[in-house]
$ cat work-v9.pdb   # PDB, C-alpha atoms
ATOM      1  CA  MET A  28      17.131 114.114 111.180
ATOM      2  CA  GLU A  29      14.076 111.885 111.060
ATOM      3  CA  HIS A  30      14.855 108.199 111.307
ATOM      4  CA  ALA A  31      13.393 105.595 109.007
ATOM      5  CA  ARG A  32      10.213 103.932 110.270
ATOM      6  CA  GLU A  33      10.894 100.468 111.611
ATOM      7  CA  ILE A  34       8.136  98.941 109.518
ATOM      8  CA  GLU A  35       9.846 100.324 106.425
ATOM      9  CA  LEU A  36      13.145  98.794 107.483
ATOM     10  CA  ILE A  37      11.325  95.478 107.851
ATOM     11  CA  GLU A  38       9.932  95.825 104.334
ATOM     12  CA  LEU A  39      13.384  96.776 103.074
ATOM     13  CA  ALA A  40      14.832  93.632 104.633
ATOM     14  CA  ALA A  41      12.005  91.660 103.032
ATOM     15  CA  ARG A  42      12.734  93.389  99.698
ATOM     16  CA  ARG A  43       9.131  94.466  99.489
ATOM     17  CA  LEU A  44       9.417  98.172 100.072
ATOM     18  CA  GLU A  45       7.872 100.125  97.230
ATOM     19  CA  PRO A  46      10.583 101.547  94.959
ATOM     20  CA  LYS A  47       9.782 105.169  95.691
ATOM     21  CA  ARG A  48      10.138 104.723  99.467
ATOM     22  CA  GLU A  49      13.110 102.426  99.026
ATOM     23  CA  LYS A  50      15.069 105.226  97.390
ATOM     24  CA  VAL A  51      14.265 107.616 100.230
ATOM     25  CA  VAL A  52      15.103 105.123 102.975
ATOM     26  CA  LEU A  53      18.346 104.030 101.309
ATOM     27  CA  ALA A  54      19.429 107.642 100.998
ATOM     28  CA  HIS A  55      18.728 108.143 104.699
ATOM     29  CA  LEU A  56      20.605 104.998 105.634
ATOM     30  CA  GLU A  57      23.804 106.259 104.061
ATOM     31  CA  ASP A  58      24.094 108.934 106.741
ATOM     32  CA  CYS A  59      22.427 107.255 109.713
ATOM     33  CA  PRO A  60      24.383 104.657 111.708
ATOM     34  CA  VAL A  61      21.424 104.194 114.072
ATOM     35  CA  CYS A  62      19.134 103.064 111.245
ATOM     36  CA  GLN A  63      21.966 101.056 109.699
ATOM     37  CA  THR A  64      22.282  99.080 112.939
ATOM     38  CA  LYS A  65      18.529  98.617 113.113
ATOM     39  CA  LEU A  66      18.379  97.398 109.537
ATOM     40  CA  HIS A  67      21.256  95.027 110.181
ATOM     41  CA  ASP A  68      19.430  93.520 113.182
ATOM     42  CA  ILE A  69      16.173  93.177 111.277
ATOM     43  CA  GLN A  70      17.944  91.658 108.286
ATOM     44  CA  ARG A  71      19.690  89.152 110.542
ATOM     45  CA  THR A  72      16.434  88.186 112.229
ATOM     46  CA  TRP A  73      14.739  87.873 108.861
ATOM     47  CA  ASP A  74      17.481  85.533 107.666
ATOM     48  CA  LEU A  75      17.379  83.431 110.845
ATOM     49  CA  LEU A  76      13.628  82.959 110.472
ATOM     50  CA  GLY A  77      14.337  81.364 107.104
ATOM     51  CA  ALA A  78      15.751  78.341 108.924
ATOM     52  CA  TRP A  79      12.244  77.114 109.714
ATOM     53  CA  GLN A  80      11.355  75.233 106.565
ATOM     54  CA  VAL A  81       8.408  72.869 106.283
ATOM     55  CA  GLN A  82       7.757  70.037 103.838
ATOM     56  CA  PRO A  83       4.087  70.085 102.917
ATOM     57  CA  ALA A  84       4.600  67.804  99.910
ATOM     58  CA  ALA A  85       5.203  64.893 102.278
ATOM     59  CA  HIS A  86       1.750  65.297 103.758
ATOM     60  CA  GLY A  87      -1.912  64.951 102.850
ATOM     61  CA  ASP A  88      -3.102  65.465  99.315
ATOM     62  CA  VAL A  89      -6.495  66.920  98.574
ATOM     63  CA  THR A  90      -6.583  66.469  94.824
ATOM     64  CA  THR A  91      -8.891  63.479  95.250
ATOM     65  CA  LEU A  92     -11.639  66.029  95.787
ATOM     66  CA  ALA A  93     -11.515  66.703  92.112
ATOM     67  CA  ALA A  94     -10.808  63.314  90.624
ATOM     68  CA  SER A  95     -13.245  63.589  87.774
ATOM     69  CA  PRO A  96     -12.844  63.402  84.004
ATOM     70  CA  ARG A  97     -12.760  66.603  82.038
ATOM     71  CA  SER A  98     -11.883  67.979  78.639
ATOM     72  CA  GLN A  99      -8.367  67.163  77.502
ATOM     73  CA  ASN A 100      -7.388  70.194  75.490
ATOM     74  CA  GLU A 101      -8.002  73.104  77.829
ATOM     75  CA  LEU A 102      -6.668  72.354  81.254
ATOM     76  CA  PRO A 103      -3.577  70.621  82.562
ATOM     77  CA  ALA A 104      -4.087  67.128  83.892
ATOM     78  CA  PRO A 105      -5.086  66.848  87.536
ATOM     79  CA  SER A 106      -2.310  65.885  89.870
ATOM     80  CA  ILE A 107      -1.532  62.360  90.850
ATOM     81  CA  ILE A 108      -3.497  61.295  93.887
ATOM     82  CA  ARG A 109      -1.144  60.777  96.766
ATOM     83  CA  PHE A 110      -2.401  59.691 100.150
ATOM     84  CA  PRO A 111       0.504  58.685 102.328
ATOM     85  CA  GLY A 112      -1.595  56.073 104.168
ATOM     86  CA  ILE A 113      -2.800  54.423 100.964
ATOM     87  CA  ARG A 114       0.481  52.688 100.219
ATOM     88  CA  MET A 115       0.528  51.087 103.634
ATOM     89  CA  ALA A 116      -3.143  50.104 103.366
ATOM     90  CA  ALA A 117      -2.508  48.575  99.927
ATOM     91  CA  ARG A 118       0.399  46.579 101.320
ATOM     92  CA  ILE A 119      -1.721  45.284 104.180
ATOM     93  CA  ALA A 120      -4.548  44.390 101.790
ATOM     94  CA  ALA A 121      -2.120  42.587  99.484
ATOM     95  CA  ALA A 122      -0.658  40.659 102.420
ATOM     96  CA  ILE A 123      -4.145  39.588 103.520
ATOM     97  CA  ALA A 124      -5.079  38.526  99.974
ATOM     98  CA  VAL A 125      -1.903  36.426  99.619
ATOM     99  CA  SER A 126      -2.546  34.808 103.017
ATOM    100  CA  VAL A 127      -6.111  33.933 102.031
ATOM    101  CA  LEU A 128      -4.977  32.416  98.715
ATOM    102  CA  ILE A 129      -2.257  30.371 100.397
ATOM    103  CA  GLY A 130      -4.727  29.189 103.011
ATOM    104  CA  TYR A 131      -7.267  28.261 100.363
ATOM    105  CA  ALA A 132      -4.739  26.372  98.228
ATOM    106  CA  GLY A 133      -3.316  24.631 101.290
ATOM    107  CA  GLY A 134      -6.776  23.624 102.412
ATOM    108  CA  ARG A 135      -7.650  22.138  99.050
ATOM    109  CA  TRP A 136      -4.393  20.257  98.902
ATOM    110  CA  SER A 137      -4.879  18.805 102.365
ATOM    111  CA  ILE A 138      -8.339  17.310 101.622
ATOM    112  CA  ARG A 139      -7.959  13.687 100.714
ATOM    113  CA  PRO A 140     -10.617  11.301  99.416
ATOM    114  CA  MET A 141     -12.134   9.188 102.142
ATOM    115  CA  PRO A 142     -10.862   5.637 102.161
ATOM    116  CA  PRO A 143     -13.394   3.108 100.951
ATOM    117  CA  SER A 144     -15.434   1.774 103.805
ATOM    118  CA  THR A 145     -15.005  -1.831 104.689
ATOM    119  CA  GLY A 146     -17.408  -4.229 106.218
ATOM    120  CA  THR A 147     -20.399  -2.082 105.517
ATOM    121  CA  GLU A 148     -23.484  -3.934 104.471
ATOM    122  CA  LEU A 149     -25.339  -2.402 101.605
ATOM    123  CA  PRO A 150     -28.961  -1.685 102.092
ATOM    124  CA  PRO A 151     -31.111  -4.264 100.324
ATOM    125  CA  TYR A 152     -32.574  -1.813  97.804
ATOM    126  CA  PHE A 153     -29.096  -1.054  96.378
ATOM    127  CA  SER A 154     -28.906  -4.332  94.554
ATOM    128  CA  VAL A 155     -32.517  -4.015  93.451
ATOM    129  CA  LEU A 156     -31.805  -0.591  91.943
ATOM    130  CA  GLY A 157     -28.428  -1.657  90.550
ATOM    131  CA  LEU A 158     -26.549   0.948  92.610
ATOM    132  CA  GLU A 159     -22.992   0.819  93.827
ATOM    133  CA  ILE A 160     -21.787   2.602  96.911
ATOM    134  CA  GLY A 161     -19.476   5.594  96.370
ATOM    135  CA  ASP A 162     -16.945   7.178  98.697
ATOM    136  CA  SER A 163     -18.961  10.146  99.737
ATOM    137  CA  PHE A 164     -22.286   8.375  99.615
ATOM    138  CA  SER A 165     -21.053   5.686 101.948
ATOM    139  CA  SER A 166     -20.882   8.058 104.847
ATOM    140  CA  LEU A 167     -24.487   8.983 104.420
ATOM    141  CA  VAL A 168     -25.406   5.384 104.418
ATOM    142  CA  LEU A 169     -23.395   4.757 107.524
ATOM    143  CA  GLN A 170     -25.036   7.553 109.402
ATOM    144  CA  ASP A 171     -28.614   7.265 108.305
ATOM    145  CA  GLU A 172     -29.323   3.882 106.894
ATOM    146  CA  SER A 173     -26.908   1.375 108.299
ATOM    147  CA  PRO A 174     -28.629  -1.884 109.194
ATOM    148  CA  SER A 175     -27.583  -1.608 112.856
ATOM    149  CA  LYS A 176     -29.312   1.761 113.218
ATOM    150  CA  GLN A 177     -32.445   0.454 111.549
ATOM    151  CA  GLU A 178     -32.506  -2.467 113.893
ATOM    152  CA  GLY A 179     -32.206  -0.222 116.929
TER     153      GLY A 179
ATOM    154  CA  MET B   4      -2.579  81.496  73.755
ATOM    155  CA  GLY B   5      -4.466  78.222  74.069
ATOM    156  CA  ASN B   6      -1.777  76.798  76.331
ATOM    157  CA  GLU B   7      -2.078  79.549  78.936
ATOM    158  CA  LEU B   8      -2.984  78.325  82.369
ATOM    159  CA  PRO B   9      -6.448  79.305  83.515
ATOM    160  CA  SER B  10      -6.552  81.990  86.181
ATOM    161  CA  ASP B  11      -7.810  81.280  89.671
ATOM    162  CA  ILE B  12     -10.953  83.263  88.964
ATOM    163  CA  GLU B  13     -11.653  81.285  85.778
ATOM    164  CA  LEU B  14     -11.194  78.077  87.715
ATOM    165  CA  MET B  15     -13.569  79.237  90.423
ATOM    166  CA  ALA B  16     -16.151  80.070  87.760
ATOM    167  CA  ARG B  17     -15.783  76.611  86.253
ATOM    168  CA  LEU B  18     -16.032  75.036  89.663
ATOM    169  CA  GLY B  19     -19.181  77.047  90.253
ATOM    170  CA  ARG B  20     -20.619  75.400  87.136
ATOM    171  CA  GLY B  21     -19.799  71.980  88.561
ATOM    172  CA  ASP B  22     -16.452  71.313  86.859
ATOM    173  CA  LEU B  23     -14.642  69.404  89.576
ATOM    174  CA  ALA B  24     -11.477  69.225  87.520
ATOM    175  CA  ALA B  25     -11.091  72.946  88.176
ATOM    176  CA  LEU B  26     -10.937  72.134  91.868
ATOM    177  CA  GLY B  27      -8.189  69.630  91.118
ATOM    178  CA  ILE B  28      -6.121  72.328  89.461
ATOM    179  CA  LEU B  29      -6.702  74.774  92.306
ATOM    180  CA  ALA B  30      -5.742  72.096  94.816
ATOM    181  CA  GLU B  31      -2.614  71.273  92.863
ATOM    182  CA  ARG B  32      -1.734  74.935  92.707
ATOM    183  CA  TYR B  33      -2.339  75.819  96.341
ATOM    184  CA  GLN B  34      -2.388  72.765  98.542
ATOM    185  CA  ASN B  35       1.260  73.085  99.571
ATOM    186  CA  ARG B  36       0.770  76.694 100.579
ATOM    187  CA  VAL B  37      -2.451  75.847 102.393
ATOM    188  CA  LEU B  38      -0.739  73.015 104.247
ATOM    189  CA  SER B  39       2.322  75.097 105.113
ATOM    190  CA  LEU B  40       0.288  77.971 106.469
ATOM    191  CA  SER B  41      -1.963  75.719 108.466
ATOM    192  CA  TYR B  42       0.969  73.729 109.824
ATOM    193  CA  ARG B  43       2.799  76.866 110.888
ATOM    194  CA  LEU B  44      -0.305  78.169 112.607
ATOM    195  CA  LEU B  45      -1.143  74.864 114.307
ATOM    196  CA  GLY B  46       2.193  73.082 114.703
ATOM    197  CA  ASP B  47       0.647  69.713 113.834
ATOM    198  CA  TRP B  48       0.532  68.061 110.423
ATOM    199  CA  HIS B  49      -2.556  65.968 111.154
ATOM    200  CA  ARG B  50      -4.595  68.999 112.019
ATOM    201  CA  ALA B  51      -3.082  70.905 109.097
ATOM    202  CA  GLU B  52      -4.205  68.115 106.769
ATOM    203  CA  ASP B  53      -7.729  68.347 108.166
ATOM    204  CA  VAL B  54      -7.702  72.084 107.592
ATOM    205  CA  SER B  55      -6.408  71.587 104.066
ATOM    206  CA  GLN B  56      -9.187  69.120 103.184
ATOM    207  CA  GLU B  57     -11.796  71.356 104.732
ATOM    208  CA  THR B  58     -10.446  74.422 102.918
ATOM    209  CA  PHE B  59     -10.890  72.862  99.491
ATOM    210  CA  LEU B  60     -14.320  71.559 100.418
ATOM    211  CA  ARG B  61     -15.257  75.117 101.400
ATOM    212  CA  LEU B  62     -13.914  76.314  98.076
ATOM    213  CA  ARG B  63     -16.153  73.858  96.307
ATOM    214  CA  GLN B  64     -19.182  74.878  98.333
ATOM    215  CA  ALA B  65     -18.540  78.591  97.866
ATOM    216  CA  ALA B  66     -17.655  78.480  94.170
ATOM    217  CA  ALA B  67     -21.187  79.031  92.836
ATOM    218  CA  LYS B  68     -21.493  82.275  94.781
ATOM    219  CA  TYR B  69     -17.852  83.346  94.524
ATOM    220  CA  GLU B  70     -17.288  86.943  93.489
ATOM    221  CA  PRO B  71     -13.696  88.083  93.031
ATOM    222  CA  THR B  72     -13.862  91.141  95.247
ATOM    223  CA  ALA B  73     -10.489  90.364  96.861
ATOM    224  CA  LYS B  74      -7.396  88.675  95.499
ATOM    225  CA  PHE B  75      -8.075  84.934  95.305
ATOM    226  CA  THR B  76      -5.094  83.988  97.476
ATOM    227  CA  THR B  77      -6.115  86.471 100.153
ATOM    228  CA  TRP B  78      -9.597  84.980 100.209
ATOM    229  CA  LEU B  79      -8.101  81.471 100.321
ATOM    230  CA  TYR B  80      -5.745  82.406 103.151
ATOM    231  CA  ARG B  81      -8.648  83.852 105.098
ATOM    232  CA  ILE B  82     -10.407  80.484 104.919
ATOM    233  CA  VAL B  83      -7.234  78.668 106.020
ATOM    234  CA  HIS B  84      -6.608  81.172 108.792
ATOM    235  CA  ASN B  85     -10.144  80.885 110.166
ATOM    236  CA  LEU B  86     -10.256  77.098 109.909
ATOM    237  CA  SER B  87      -6.879  76.886 111.639
ATOM    238  CA  LEU B  88      -8.209  79.028 114.454
ATOM    239  CA  ASP B  89     -11.176  76.666 114.796
ATOM    240  CA  GLN B  90      -8.774  73.739 114.923
ATOM    241  CA  GLN B  91      -6.699  75.536 117.528
ATOM    242  CA  ARG B  92      -9.749  75.989 119.725
ATOM    243  CA  LYS B  93     -10.655  72.322 119.342
ATOM    244  CA  ALA B  94      -7.075  71.382 120.186
ATOM    245  CA  VAL B  95      -7.485  72.840 123.662
ATOM    246  CA  ASN B  96      -9.912  70.041 124.463
ATOM    247  CA  ASP B  97      -8.309  67.468 122.224
ATOM    248  CA  PRO B  98      -4.545  67.494 122.741
ATOM    249  CA  VAL B  99      -2.200  66.314 120.020
ATOM    250  CA  SER B 100      -1.523  62.601 120.089
ATOM    251  CA  LEU B 101       1.898  61.375 121.090
ATOM    252  CA  GLU B 102       2.210  59.684 117.710
ATOM    253  CA  ALA B 103       1.706  62.970 115.916
ATOM    254  CA  LEU B 104       4.304  64.719 118.039
ATOM    255  CA  GLN B 105       6.750  61.910 117.483
ATOM    256  CA  ALA B 106       6.162  61.976 113.736
ATOM    257  CA  ASP B 107       6.742  65.724 113.604
ATOM    258  CA  ALA B 108       9.901  65.435 115.679
ATOM    259  CA  GLU B 109      11.235  62.703 113.395
ATOM    260  CA  GLU B 110      10.521  64.823 110.362
ATOM    261  CA  THR B 111      12.298  67.834 111.802
ATOM    262  CA  ALA B 112      15.280  65.665 112.656
ATOM    263  CA  GLN B 113      15.827  64.116 109.263
ATOM    264  CA  ASP B 114      18.519  65.117 106.810
ATOM    265  CA  SER B 115      19.703  68.292 108.465
ATOM    266  CA  PRO B 116      22.942  69.109 110.240
ATOM    267  CA  VAL B 117      22.697  69.426 113.996
ATOM    268  CA  GLU B 118      23.289  73.188 114.120
ATOM    269  CA  ARG B 119      20.769  73.934 111.443
ATOM    270  CA  ARG B 120      18.193  71.638 113.040
ATOM    271  CA  GLU B 121      18.802  73.311 116.359
ATOM    272  CA  LEU B 122      18.315  76.733 114.782
ATOM    273  CA  ALA B 123      15.119  75.625 113.017
ATOM    274  CA  GLU B 124      13.751  74.380 116.344
ATOM    275  CA  ALA B 125      14.796  77.581 118.080
ATOM    276  CA  VAL B 126      13.018  79.659 115.439
ATOM    277  CA  GLN B 127       9.919  77.482 115.641
ATOM    278  CA  ASN B 128       9.887  77.790 119.425
ATOM    279  CA  ALA B 129      10.531  81.537 119.369
ATOM    280  CA  ILE B 130       7.551  82.018 117.046
ATOM    281  CA  LYS B 131       5.438  79.681 119.146
ATOM    282  CA  GLU B 132       6.190  81.763 122.235
ATOM    283  CA  LEU B 133       5.071  85.025 120.654
ATOM    284  CA  PRO B 134       1.738  86.513 121.700
ATOM    285  CA  GLU B 135      -0.986  85.019 119.520
ATOM    286  CA  ARG B 136      -1.614  87.992 117.234
ATOM    287  CA  GLN B 137       2.105  88.613 116.698
ATOM    288  CA  ARG B 138       2.577  84.955 115.874
ATOM    289  CA  ARG B 139      -0.110  85.059 113.213
ATOM    290  CA  VAL B 140       1.159  88.210 111.496
ATOM    291  CA  ILE B 141       4.744  86.933 111.439
ATOM    292  CA  ILE B 142       3.681  83.692 109.782
ATOM    293  CA  LEU B 143       1.610  85.501 107.178
ATOM    294  CA  HIS B 144       4.311  88.111 106.561
ATOM    295  CA  ARG B 145       7.578  86.196 106.727
ATOM    296  CA  TYR B 146       6.501  82.805 105.382
ATOM    297  CA  GLU B 147       3.524  83.545 103.168
ATOM    298  CA  GLY B 148       4.786  86.847 101.823
ATOM    299  CA  LEU B 149       1.561  88.754 102.392
ATOM    300  CA  SER B 150       1.502  92.547 102.365
ATOM    301  CA  HIS B 151       0.214  94.504 105.361
ATOM    302  CA  GLU B 152      -3.108  95.111 103.600
ATOM    303  CA  GLU B 153      -3.480  91.422 102.754
ATOM    304  CA  ILE B 154      -2.706  90.399 106.326
ATOM    305  CA  GLY B 155      -5.383  92.847 107.395
ATOM    306  CA  GLU B 156      -7.886  91.238 105.034
ATOM    307  CA  VAL B 157      -7.013  87.738 106.208
ATOM    308  CA  THR B 158      -7.132  88.507 109.908
ATOM    309  CA  GLY B 159      -9.724  91.273 109.945
ATOM    310  CA  TRP B 160      -7.328  93.700 111.651
ATOM    311  CA  SER B 161      -6.530  97.230 110.490
ATOM    312  CA  LYS B 162      -3.371  97.942 108.511
ATOM    313  CA  SER B 163      -1.946 100.045 111.332
ATOM    314  CA  ALA B 164      -2.635  97.253 113.848
ATOM    315  CA  VAL B 165      -0.871  94.771 111.558
ATOM    316  CA  GLU B 166       2.157  97.058 111.206
ATOM    317  CA  SER B 167       2.357  97.597 114.923
ATOM    318  CA  LEU B 168       2.148  93.863 115.556
ATOM    319  CA  LEU B 169       4.833  93.192 112.959
ATOM    320  CA  VAL B 170       7.286  95.668 114.498
ATOM    321  CA  ARG B 171       6.796  94.161 117.953
ATOM    322  CA  ALA B 172       6.981  90.609 116.651
ATOM    323  CA  TYR B 173      10.270  91.139 114.791
ATOM    324  CA  GLU B 174      11.711  92.918 117.806
ATOM    325  CA  ASN B 175      10.701  90.082 120.136
ATOM    326  CA  LEU B 176      12.153  87.525 117.760
ATOM    327  CA  ARG B 177      15.394  89.473 117.491
ATOM    328  CA  LYS B 178      15.765  89.344 121.277
ATOM    329  CA  GLU B 179      14.721  85.707 121.503
ATOM    330  CA  LEU B 180      17.158  84.628 118.799
ATOM    331  CA  ALA B 181      20.012  86.874 119.942
ATOM    332  CA  SER B 182      22.224  83.917 120.745
ATOM    333  CA  TYR B 183      21.978  82.766 117.115
ATOM    334  CA  GLN B 184      22.882  86.100 115.565
ATOM    335  CA  ASP B 185      26.307  84.790 114.547
ATOM    336  CA  PHE B 186      24.899  81.649 112.992
ATOM    337  CA  SER B 187      25.896  81.383 109.349
ATOM    338  CA  HIS B 188      23.565  79.605 106.948
TER     339      HIS B 188
END

$ encode --input "work-v9.pdb" --output "structure tokens"
Amino acid sequence: MEHAREIELIELAARRLEPKREKVVLAHLEDCPVCQTKLHDIQRTWDLLGAWQVQPAAHGDVTTLAASPRSQNELPAPSIIRFPGIRMAARIAAAIAVSVLIGYAGGRWSIRPMPPSTGTELPPYFSVLGLEIGDSFSSLVLQDESPSKQEG
Amino acid sequence: MGNELPSDIELMARLGRGDLAALGILAERYQNRVLSLSYRLLGDWHRAEDVSQETFLRLRQAAAKYEPTAKFTTWLYRIVHNLSLDQQRKAVNDPVSLEALQADAEETAQDSPVERRELAEAVQNAIKELPERQRRVIILHRYEGLSHEEIGEVTGWSKSAVESLLVRAYENLRKELASYQDFSH
């Protein structure tokens, strides 16, 4: 009696043996304990290998390669773009933006008008021109045109 | 009839004419399979992601000259297989980062009972320990469901060589996993 080929037993375990051969091999198996044992071992190994499952959906997405508009009525919509790192990057960017805004608002709030200067003599041309000294302008006067500096 | 999904060959033709949306549909259709195959061949998600990106870029580049002489998936798997081999060669000089290993380990560990996790690791290790050619045919046969002829087209090996490798690979795995033979799923 000729035994079943091992590769055919593998295909039988995988349920991929062509129907014609399947019939022949199954008929042989009925009377052959040796091949029955072999098939049992192969089937068991096949089943054990099924324990190694992977989760590709949790990983990189390549649909961004094709993120372009197209006709609506013919093809299904392109998939949602999912880059796992994008969410984290967006969070970091948002955190930076909020920090900048808070810093900006805090900075504006902390700036106070300069107190009016006291004891500063106005340059003589101020009265001639009818000018009055302002808060911000006073500092310029103090630095550049105060009488003491001119005297020096 | 108008609602029928376009075939892979139609999509490749459209892509060849510059319709990038066709690439989006192909990517949506196959990216999980491309990633799974590449991951199983390389054992590293980061590298598998690189291979996946590169595969679809190759598709885009090749679309204009694409002629459907072989089944589209076989052609696609050949690209993935070859790119994964390139990555594997690079990996010799550029070992996997600790972060990547840690991430993979954490992923394997999540949401699975201890026994099942242990078995999954044992299977992964048993396949990893196979001689290179046996490892490749097992992955293409058991996990990607390719026929002997298709594995031959992907790898460039003869059908008889593929069958011989498959018989030896399953036999080696049976021996390697003998202690788990009573494990019930």

$ atom_distance --input "work-v9.pdb" --atom1 "CA of Gly77 (chain A)" --atom2 "CA of Arg119 (chain B)"
10.7 Å

$ closest_atom_pairs --input "work-v9.pdb" --of "chain B" --to "chain A" --cutoff "8 Å" --atoms "all atoms listed in the file" --output "CSV"
residue,atom,partner,partner_atom,distance
B:Gly5,CA,A:Glu101,CA,7.3
B:Asn6,CA,A:Glu101,CA,7.4
B:Leu8,CA,A:Leu102,CA,7.1
B:Pro9,CA,A:Leu102,CA,7.3
B:Asp22,CA,A:Arg97,CA,7.7
B:Leu23,CA,A:Ala93,CA,4.8
B:Ala24,CA,A:Ala93,CA,5.2
B:Ala25,CA,A:Ala93,CA,7.4
B:Leu26,CA,A:Ala93,CA,5.5
B:Gly27,CA,A:Ala93,CA,4.5
B:Ile28,CA,A:Pro105,CA,5.9
B:Ala30,CA,A:Thr90,CA,5.7
B:Glu31,CA,A:Ser106,CA,6.2
B:Gln34,CA,A:Val89,CA,7.1
B:Asn35,CA,A:Pro83,CA,5.3
B:Arg36,CA,A:Pro83,CA,7.8
B:Leu38,CA,A:Pro83,CA,5.8
B:Ser39,CA,A:Pro83,CA,5.7
B:Trp48,CA,A:His86,CA,7.3
B:Glu52,CA,A:Gly87,CA,5.5
B:Ser55,CA,A:Val89,CA,7.2
B:Gln56,CA,A:Val89,CA,5.8
B:Phe59,CA,A:Val89,CA,7.4
B:Leu60,CA,A:Leu92,CA,7.7
B:Arg119,CA,A:Ala78,CA,7.1
B:Leu122,CA,A:Ala78,CA,6.6
B:Ala123,CA,A:Trp79,CA,4.6
B:Glu124,CA,A:Trp79,CA,7.3
B:Val126,CA,A:Leu76,CA,6.0
B:Gln127,CA,A:Trp79,CA,6.4
B:Arg145,CA,A:Trp73,CA,7.7
B:Glu166,CA,A:Ile34,CA,6.5
B:Leu169,CA,A:Ile34,CA,7.5
B:Val170,CA,A:Ile34,CA,6.0
B:Tyr173,CA,A:Ile69,CA,7.2
B:Glu174,CA,A:Ile69,CA,7.9
B:Leu176,CA,A:Thr72,CA,7.0
B:Arg177,CA,A:Thr72,CA,5.5
B:Leu180,CA,A:Thr72,CA,7.5
B:Tyr183,CA,A:Leu75,CA,7.8
B:Gln184,CA,A:Arg71,CA,6.7

$ resolve_selection --input "work-v9.pdb" --expression "the PyMOL selection byres ((chain B and resi 44) around 9)" --output "PyMOL selection string"
chain B and resi 39-43+45-47+51+84+87-88+91+131+138-139+142

$ atom_distance --input "work-v9.pdb" --atom1 "CA of Ala172 (chain B)" --atom2 "CA of Leu133 (chain B)"
7.1 Å

$ axis_aligned_box --input "work-v9.pdb" --around "region 64-71 of chain A" --padding-each-side "6 Å" --output "lines of an AutoDock Vina configuration file"
center_x = 19.2
center_y = 94.1
center_z = 110.7
size_x = 18.1
size_y = 21.9
size_z = 16.9

$ atom_distance --input "work-v9.pdb" --atom1 "CA of Ser182 (chain B)" --atom2 "CA of Val165 (chain B)"
27.1 Å

$ build_atoms --input "work-v9.pdb" --residues "region 39-50 of chain A" --atoms "N, CA and C atoms" --output "mmCIF file, keeping the file's coordinate frame"
data_model
loop_
_atom_site.group_PDB
_atom_site.id
_atom_site.type_symbol
_atom_site.label_atom_id
_atom_site.label_comp_id
_atom_site.auth_asym_id
_atom_site.auth_seq_id
_atom_site.Cartn_x
_atom_site.Cartn_y
_atom_site.Cartn_z
ATOM 1 N N LEU A 39 12.130 96.711 103.830
ATOM 2 C CA LEU A 39 13.384 96.776 103.074
ATOM 3 C C LEU A 39 14.136 95.447 103.201
ATOM 4 N N ALA A 40 14.172 94.923 104.420
ATOM 5 C CA ALA A 40 14.832 93.632 104.633
ATOM 6 C C ALA A 40 14.117 92.525 103.855
ATOM 7 N N ALA A 41 12.802 92.672 103.758
ATOM 8 C CA ALA A 41 12.005 91.660 103.032
ATOM 9 C C ALA A 41 12.025 91.896 101.521
ATOM 10 N N ARG A 42 12.676 92.978 101.107
ATOM 11 C CA ARG A 42 12.734 93.389 99.698
ATOM 12 C C ARG A 42 11.331 93.605 99.131
ATOM 13 N N ARG A 43 10.496 94.215 99.936
ATOM 14 C CA ARG A 43 9.131 94.466 99.489
ATOM 15 C C ARG A 43 8.739 95.937 99.632
ATOM 16 N N LEU A 44 9.730 96.743 99.940
ATOM 17 C CA LEU A 44 9.417 98.172 100.072
ATOM 18 C C LEU A 44 9.189 98.754 98.677
ATOM 19 N N GLU A 45 8.169 99.566 98.561
ATOM 20 C CA GLU A 45 7.872 100.125 97.230
ATOM 21 C C GLU A 45 9.047 100.981 96.769
ATOM 22 N N PRO A 46 9.352 100.935 95.481
ATOM 23 C CA PRO A 46 10.583 101.547 94.959
ATOM 24 C C PRO A 46 10.770 103.012 95.361
ATOM 25 N N LYS A 47 9.665 103.743 95.374
ATOM 26 C CA LYS A 47 9.782 105.169 95.691
ATOM 27 C C LYS A 47 10.299 105.362 97.130
ATOM 28 N N ARG A 48 9.738 104.621 98.056
ATOM 29 C CA ARG A 48 10.138 104.723 99.467
ATOM 30 C C ARG A 48 11.532 104.121 99.667
ATOM 31 N N GLU A 49 11.806 103.087 98.895
ATOM 32 C CA GLU A 49 13.110 102.426 99.026
ATOM 33 C C GLU A 49 14.243 103.426 98.765
ATOM 34 N N LYS A 50 14.064 104.211 97.735
ATOM 35 C CA LYS A 50 15.069 105.226 97.390
ATOM 36 C C LYS A 50 15.300 106.180 98.559
#
